[in-house]
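Below: structure.cif (mmCIF, C-alpha atoms)
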```cif
data_final
#
loop_
_atom_site.group_PDB
_atom_site.id
_atom_site.type_symbol
_atom_site.label_atom_id
_atom_site.label_comp_id
_atom_site.auth_asym_id
_atom_site.auth_seq_id
_atom_site.Cartn_x
_atom_site.Cartn_y
_atom_site.Cartn_z
ATOM 1 C CA MET A 299 -18.727 -2.408 -14.026
ATOM 2 C CA GLU A 300 -20.501 -0.437 -11.341
ATOM 3 C CA LYS A 301 -23.445 -1.258 -9.153
ATOM 4 C CA ILE A 302 -25.297 1.308 -7.072
ATOM 5 C CA LEU A 303 -25.971 -0.287 -3.707
ATOM 6 C CA ASN A 304 -28.057 2.231 -1.814
ATOM 7 C CA ASN A 305 -29.104 5.837 -1.607
ATOM 8 C CA VAL A 306 -29.864 6.556 2.018
ATOM 9 C CA VAL A 307 -29.645 9.385 4.469
ATOM 10 C CA LYS A 308 -27.544 8.303 7.414
ATOM 11 C CA THR A 309 -25.864 10.048 10.324
ATOM 12 C CA MET A 310 -22.164 9.241 10.399
ATOM 13 C CA ASP A 311 -18.688 10.594 10.062
ATOM 14 C CA LEU A 312 -15.830 8.788 8.355
ATOM 15 C CA SER A 313 -13.149 10.689 10.236
ATOM 16 C CA THR A 314 -11.387 9.195 13.217
ATOM 17 C CA ASP A 315 -12.891 11.592 15.752
ATOM 18 C CA ASN A 316 -16.396 10.112 15.239
ATOM 19 C CA ARG A 317 -18.268 13.413 15.288
ATOM 20 C CA GLU A 318 -21.688 12.876 13.822
ATOM 21 C CA SER A 319 -22.831 14.660 10.704
ATOM 22 C CA SER A 320 -25.680 14.056 8.312
ATOM 23 C CA GLU A 321 -24.808 13.270 4.750
ATOM 24 C CA LYS A 322 -26.440 11.580 1.815
ATOM 25 C CA LEU A 323 -24.713 8.347 0.944
ATOM 26 C CA ASN A 324 -24.368 7.123 -2.574
ATOM 27 C CA LEU A 325 -22.662 3.813 -1.907
ATOM 28 C CA THR A 326 -21.213 2.147 -4.995
ATOM 29 C CA THR A 327 -19.189 -1.007 -5.495
ATOM 30 C CA GLU A 328 -16.994 -1.487 -8.514
ATOM 31 C CA ILE A 329 -14.083 -3.536 -9.739
ATOM 32 C CA ALA A 330 -10.913 -1.567 -9.138
ATOM 33 C CA ASN A 331 -8.593 -0.818 -12.015
ATOM 34 C CA VAL A 332 -5.071 0.554 -12.024
ATOM 35 C CA ASP A 333 -6.372 4.139 -11.858
ATOM 36 C CA ASP A 334 -7.958 3.303 -8.477
ATOM 37 C CA TRP A 335 -4.616 2.450 -6.868
ATOM 38 C CA LYS A 336 -4.688 5.396 -4.417
ATOM 39 C CA ASP A 337 -8.171 4.436 -3.172
ATOM 40 C CA TYR A 338 -7.079 0.799 -2.946
ATOM 41 C CA LYS A 339 -3.956 1.754 -0.998
ATOM 42 C CA LYS A 340 -5.928 3.967 1.405
ATOM 43 C CA ILE A 341 -8.576 1.387 2.270
ATOM 44 C CA ARG A 342 -6.084 -1.494 2.442
ATOM 45 C CA LEU A 343 -3.887 0.420 4.901
ATOM 46 C CA GLU A 344 -6.991 1.396 6.901
ATOM 47 C CA ALA A 345 -8.042 -2.249 7.030
ATOM 48 C CA ILE A 346 -4.722 -3.574 8.323
ATOM 49 C CA GLU A 347 -4.516 -0.740 10.855
ATOM 50 C CA ASN A 348 -8.069 -1.136 12.186
ATOM 51 C CA ASP A 349 -8.349 -4.926 12.055
ATOM 52 C CA PRO A 350 -4.824 -6.426 12.016
ATOM 53 C CA MET A 351 -5.925 -9.755 13.481
ATOM 54 C CA ALA A 352 -8.352 -10.379 10.607
ATOM 55 C CA PHE A 353 -5.541 -9.889 8.104
ATOM 56 C CA TYR A 354 -2.846 -11.749 10.063
ATOM 57 C CA VAL A 355 -0.801 -8.568 10.102
ATOM 58 C CA THR A 356 2.577 -8.804 11.781
ATOM 59 C CA LYS A 357 4.938 -5.926 12.494
ATOM 60 C CA GLU A 358 6.984 -6.985 9.477
ATOM 61 C CA SER A 359 4.027 -7.323 7.097
ATOM 62 C CA LYS A 360 2.594 -3.980 8.253
ATOM 63 C CA LYS A 361 5.941 -2.318 7.622
ATOM 64 C CA ARG A 362 6.108 -3.971 4.193
ATOM 65 C CA GLU A 363 2.577 -2.783 3.272
ATOM 66 C CA ASN A 364 3.293 0.770 4.425
ATOM 67 C CA SER A 365 6.524 0.970 2.437
ATOM 68 C CA LYS A 366 5.200 -0.310 -0.914
ATOM 69 C CA LEU A 367 6.042 1.803 -3.912
ATOM 70 C CA ASP A 368 3.241 3.305 -6.012
ATOM 71 C CA GLU A 369 4.055 0.858 -8.822
ATOM 72 C CA GLU A 370 3.585 -2.092 -6.466
ATOM 73 C CA TRP A 371 0.083 -0.882 -5.536
ATOM 74 C CA LYS A 372 -0.745 -0.461 -9.220
ATOM 75 C CA ASN A 373 0.607 -3.900 -10.134
ATOM 76 C CA GLU A 374 -1.674 -5.560 -7.583
ATOM 77 C CA LEU A 375 -4.654 -4.247 -9.546
ATOM 78 C CA GLU A 376 -3.373 -5.547 -12.900
ATOM 79 C CA ASP A 377 -3.165 -9.271 -12.096
ATOM 80 C CA ASP A 378 -5.141 -11.377 -14.586
ATOM 81 C CA ASN A 379 -5.783 -14.067 -11.949
ATOM 82 C CA SER A 380 -7.401 -11.791 -9.380
ATOM 83 C CA PHE A 381 -9.564 -8.734 -8.925
ATOM 84 C CA THR A 382 -10.311 -6.230 -6.192
ATOM 85 C CA ILE A 383 -13.608 -4.521 -5.478
ATOM 86 C CA LEU A 384 -13.918 -1.131 -3.843
ATOM 87 C CA SER A 385 -17.006 0.228 -2.136
ATOM 88 C CA LYS A 386 -17.200 3.994 -1.966
ATOM 89 C CA SER A 387 -19.462 6.585 -0.432
ATOM 90 C CA ASN A 388 -19.268 10.000 -2.040
ATOM 91 C CA ASP A 389 -15.858 9.093 -3.522
ATOM 92 C CA ILE A 390 -14.488 7.958 -0.144
ATOM 93 C CA SER A 391 -13.338 4.333 -0.047
ATOM 94 C CA VAL A 392 -15.164 2.478 2.715
ATOM 95 C CA GLY A 393 -14.838 -1.190 1.735
ATOM 96 C CA ILE A 394 -12.598 -3.663 -0.023
ATOM 97 C CA ALA A 395 -12.585 -7.324 -0.972
ATOM 98 C CA GLN A 396 -10.295 -9.373 -3.175
ATOM 99 C CA ALA A 397 -10.676 -12.615 -5.065
ATOM 100 C CA PHE A 398 -8.147 -14.766 -6.858
ATOM 101 C CA ILE A 399 -8.131 -17.995 -8.829
ATOM 102 C CA ARG A 400 -6.928 -20.939 -6.746
ATOM 103 C CA ILE A 401 -7.280 -23.723 -9.305
ATOM 104 C CA GLU A 402 -8.155 -22.323 -12.720
ATOM 105 C CA GLU A 403 -9.062 -25.586 -14.482
ATOM 106 C CA GLU A 404 -11.537 -26.406 -11.699
ATOM 107 C CA GLY A 405 -13.021 -22.909 -11.513
ATOM 108 C CA GLN A 406 -12.004 -22.564 -7.866
ATOM 109 C CA TRP A 407 -11.657 -19.030 -6.493
ATOM 110 C CA HIS A 408 -10.757 -17.672 -3.063
ATOM 111 C CA ILE A 409 -12.061 -14.493 -1.408
ATOM 112 C CA LYS A 410 -9.717 -12.623 0.918
ATOM 113 C CA SER A 411 -9.191 -9.264 2.570
ATOM 114 C CA VAL A 412 -12.869 -8.409 3.080
ATOM 115 C CA TYR A 413 -13.136 -5.163 5.025
ATOM 116 C CA LEU A 414 -15.868 -2.598 5.561
ATOM 117 C CA ASN A 415 -15.381 0.612 7.549
ATOM 118 C CA LYS A 416 -17.088 0.179 10.935
ATOM 119 C CA ASN A 417 -19.437 3.120 10.255
ATOM 120 C CA PHE A 418 -21.028 1.135 7.411
ATOM 121 C CA ARG A 419 -21.493 -2.175 9.196
ATOM 122 C CA GLY A 420 -24.918 -3.443 10.201
ATOM 123 C CA ASP A 421 -26.870 -1.902 7.315
ATOM 124 C CA GLY A 422 -26.455 -4.643 4.718
ATOM 125 C CA TYR A 423 -23.524 -3.088 2.845
ATOM 126 C CA GLY A 424 -21.238 -6.014 3.663
ATOM 127 C CA LYS A 425 -23.823 -8.390 2.214
ATOM 128 C CA GLU A 426 -23.981 -6.254 -0.918
ATOM 129 C CA MET A 427 -20.194 -6.474 -1.263
ATOM 130 C CA ILE A 428 -20.233 -10.280 -0.935
ATOM 131 C CA ASP A 429 -23.093 -10.543 -3.422
ATOM 132 C CA PHE A 430 -21.161 -8.365 -5.873
ATOM 133 C CA ILE A 431 -17.918 -10.345 -5.585
ATOM 134 C CA LEU A 432 -19.724 -13.705 -5.898
ATOM 135 C CA SER A 433 -21.517 -12.475 -9.033
ATOM 136 C CA GLU A 434 -18.241 -11.362 -10.557
ATOM 137 C CA ILE A 435 -16.559 -14.682 -9.758
ATOM 138 C CA LYS A 436 -19.458 -16.498 -11.430
ATOM 139 C CA ASN A 437 -19.196 -14.177 -14.463
ATOM 140 C CA ARG A 438 -15.526 -15.165 -14.725
ATOM 141 C CA GLY A 439 -16.364 -18.874 -14.829
ATOM 142 C CA GLY A 440 -15.997 -19.623 -11.128
ATOM 143 C CA LYS A 441 -17.675 -22.776 -9.844
ATOM 144 C CA THR A 442 -16.577 -22.873 -6.215
ATOM 145 C CA VAL A 443 -15.404 -20.208 -3.795
ATOM 146 C CA THR A 444 -13.426 -20.620 -0.588
ATOM 147 C CA LEU A 445 -12.647 -18.188 2.213
ATOM 148 C CA ASN A 446 -11.511 -18.314 5.785
ATOM 149 C CA VAL A 447 -12.983 -16.653 8.833
ATOM 150 C CA MET A 448 -11.638 -16.502 12.380
ATOM 151 C CA ASP A 449 -13.521 -17.712 15.413
ATOM 152 C CA THR A 450 -13.666 -14.090 16.627
ATOM 153 C CA GLN A 451 -15.479 -12.958 13.459
ATOM 154 C CA GLU A 452 -18.889 -14.359 14.323
ATOM 155 C CA ILE A 453 -20.864 -11.700 12.435
ATOM 156 C CA ALA A 454 -18.858 -12.284 9.255
ATOM 157 C CA ARG A 455 -19.262 -16.060 9.604
ATOM 158 C CA ASN A 456 -23.038 -15.641 9.950
ATOM 159 C CA ILE A 457 -23.129 -13.511 6.785
ATOM 160 C CA TYR A 458 -21.129 -16.121 4.855
ATOM 161 C CA GLU A 459 -23.435 -18.890 6.094
ATOM 162 C CA LYS A 460 -26.458 -16.917 4.846
ATOM 163 C CA PHE A 461 -24.797 -16.913 1.426
ATOM 164 C CA GLY A 462 -24.532 -20.707 1.587
ATOM 165 C CA PHE A 463 -20.897 -21.094 2.637
ATOM 166 C CA LYS A 464 -20.238 -24.276 4.620
ATOM 167 C CA VAL A 465 -17.327 -25.096 6.921
ATOM 168 C CA TYR A 466 -15.073 -27.720 5.375
ATOM 169 C CA SER A 467 -12.047 -27.453 7.663
ATOM 170 C CA LYS A 468 -10.929 -25.739 10.847
ATOM 171 C CA PHE A 469 -7.586 -24.201 11.717
ATOM 172 C CA ASP A 470 -6.004 -23.706 15.124
ATOM 173 C CA SER A 471 -4.820 -20.493 16.684
ATOM 174 C CA LYS A 472 -1.186 -19.683 16.082
ATOM 175 C CA ASN A 473 1.471 -17.450 17.514
ATOM 176 C CA ILE A 474 3.199 -15.190 14.999
ATOM 177 C CA ASP A 475 5.956 -12.901 16.250
ATOM 178 C CA GLY A 476 4.616 -13.126 19.808
ATOM 179 C CA ILE A 477 1.024 -12.318 18.818
ATOM 180 C CA GLU A 478 -1.646 -14.969 19.323
ATOM 181 C CA TYR A 479 -3.949 -15.170 16.306
ATOM 182 C CA PRO A 480 -7.285 -16.954 16.786
ATOM 183 C CA GLY A 481 -8.265 -20.142 15.041
ATOM 184 C CA GLY A 482 -11.132 -20.350 12.618
ATOM 185 C CA GLN A 483 -12.748 -22.151 9.729
ATOM 186 C CA TRP A 484 -12.222 -22.608 6.025
ATOM 187 C CA MET A 485 -15.538 -22.302 4.211
ATOM 188 C CA VAL A 486 -16.665 -23.239 0.695
ATOM 189 C CA LYS A 487 -19.618 -22.469 -1.555
ATOM 190 C CA ASN A 488 -20.627 -23.797 -4.958
ATOM 191 C CA ILE A 489 -21.886 -21.089 -7.291
#
```

Take the structure from the file and write it as structure tokens.
Amino acid sequence: MEKILNNVVKTMDLSTDNRESSEKLNLTTEIANVDDWKDYKKIRLEAIENDPMAFYVTKESKKRENSKLDEEWKNELEDDNSFTILSKSNDISVGIAQAFIRIEEEGQWHIKSVYLNKNFRGDGYGKEMIDFILSEIKNRGGKTVTLNVMDTQEIARNIYEKFGFKVYSKFDSKNIDGIEYPGGQWMVKNI
């Protein structure tokens, strides 16, 4: 299943040196399959490197992610109780989100690991990703969706609220391996 999100001309560069270049974007979002494991691996490692706090990445978990075998990356995309979406621009992975069944008999799903390359933020692509993943959850019989967002992720929280997510619980900051992770909220939405 593939959905074309936008065709726009935008000035940006996906490399780390941030030189600007003009390119035509053909941003697509699709459900990843086992053949997408290299793209999944690339964007997942980018996400935990660029935004470790959002993913509760510790030194140990980062080391574990970086040392996964190819088969482990593939297996993550073959789970019947979850799915991963990838957003790409001109075959370059720029976004990721994952969903998994929390309580199957109640149709309860959870969204995690939402990440969009910083060069694509602010233009509605994140909203398109959330819309896509919510539609897929609904297509799979989902009735409610939960997610969590940290206090420091105000923009993400605002996006989720626009989609109708409501706070149902809060969590405190915590110290993991000497790193202070911010508190936040658990949110829920009926679909």

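Considering the residues A:Gln396, A:Asn364, A:Ser471, A:Asn331 and counting all atoms listed in the file, Asp449 of chain A has its shortest atom-to-atom contact with A:Ser471.
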
> So how far away is atom CA of Asn446 of chain A from atom CA of Val486 of chain A, in Å?
Replying inline: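 About the pair atom CA of Val486 of chain A and atom CA of Asn446 of chain A: they are 8.8 Å apart.
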
>> List the spatial neighbours of Tyr423 of chain A as a PyMOL selection string - criterion: any atom at most 9 Å away, all atoms listed in the file, same-chain residues fewer than 4 positions off excluded.
In response: chain A and resi 303-304+325+385+393+414+418-419+427-428

> Written as an NGL selection string, which residues does the PyMOL selection byres ((chain A and resi 457) around 12) give for the file shown?
Replying inline: :A and (419-420 or 422-429 or 447 or 451-456 or 458-464 or 485)

Which residues are close to Ser387 of chain A, i.e. within 7 Å by all atoms listed in the file, leaving aside same-chain residues fewer than 3 positions away? Reply as a PDB file with C-alpha atoms, keeping the file's coordinate frame.
```
ATOM      1  CA  LEU A 323     -24.713   8.347   0.944  1.00  0.00           C
ATOM      2  CA  ASN A 324     -24.368   7.123  -2.574  1.00  0.00           C
ATOM      3  CA  LEU A 325     -22.662   3.813  -1.907  1.00  0.00           C
ATOM      4  CA  THR A 326     -21.213   2.147  -4.995  1.00  0.00           C
ATOM      5  CA  ILE A 390     -14.488   7.958  -0.144  1.00  0.00           C
ATOM      6  CA  SER A 391     -13.338   4.333  -0.047  1.00  0.00           C
ATOM      7  CA  VAL A 392     -15.164   2.478   2.715  1.00  0.00           C
TER       8      VAL A 392
END
```

> Leaving out Arg438 of chain A and any residue of its chain fewer than 4 positions from it, which residues lie within 12 Å of it when counting all atoms listed in the file, given as a list of chain:residue names?
Replying inline: A:Asp378, A:Asn379, A:Ser380, A:Phe381, A:Ala397, A:Phe398, A:Ile399, A:Glu402, A:Gly405, A:Gln406, A:Trp407, A:Ile431, A:Leu432, A:Ser433, A:Glu434, A:Thr442, A:Ile489

> What separation in Å, quoted to one decimal, exists between atom CA of Pro480 of chain A and atom CA of Thr356 of chain A?
Replying inline: 13.7 Å

>> If I take atom CA of Gly476 of chain A and atom CA of Lys357 of chain A, how far is one from the other in Å, to one decimal?
In response: 10.3 Å

>> Report as an NGL selection string all protein, DNA and RNA residues lying within 12 Å of Glu478 of chain A, evaluated on all atoms listed in the file, omitting residues in the same chain fewer than 2 positions from it.
In response: :A and (350-352 or 354-356 or 470-476 or 480-481)
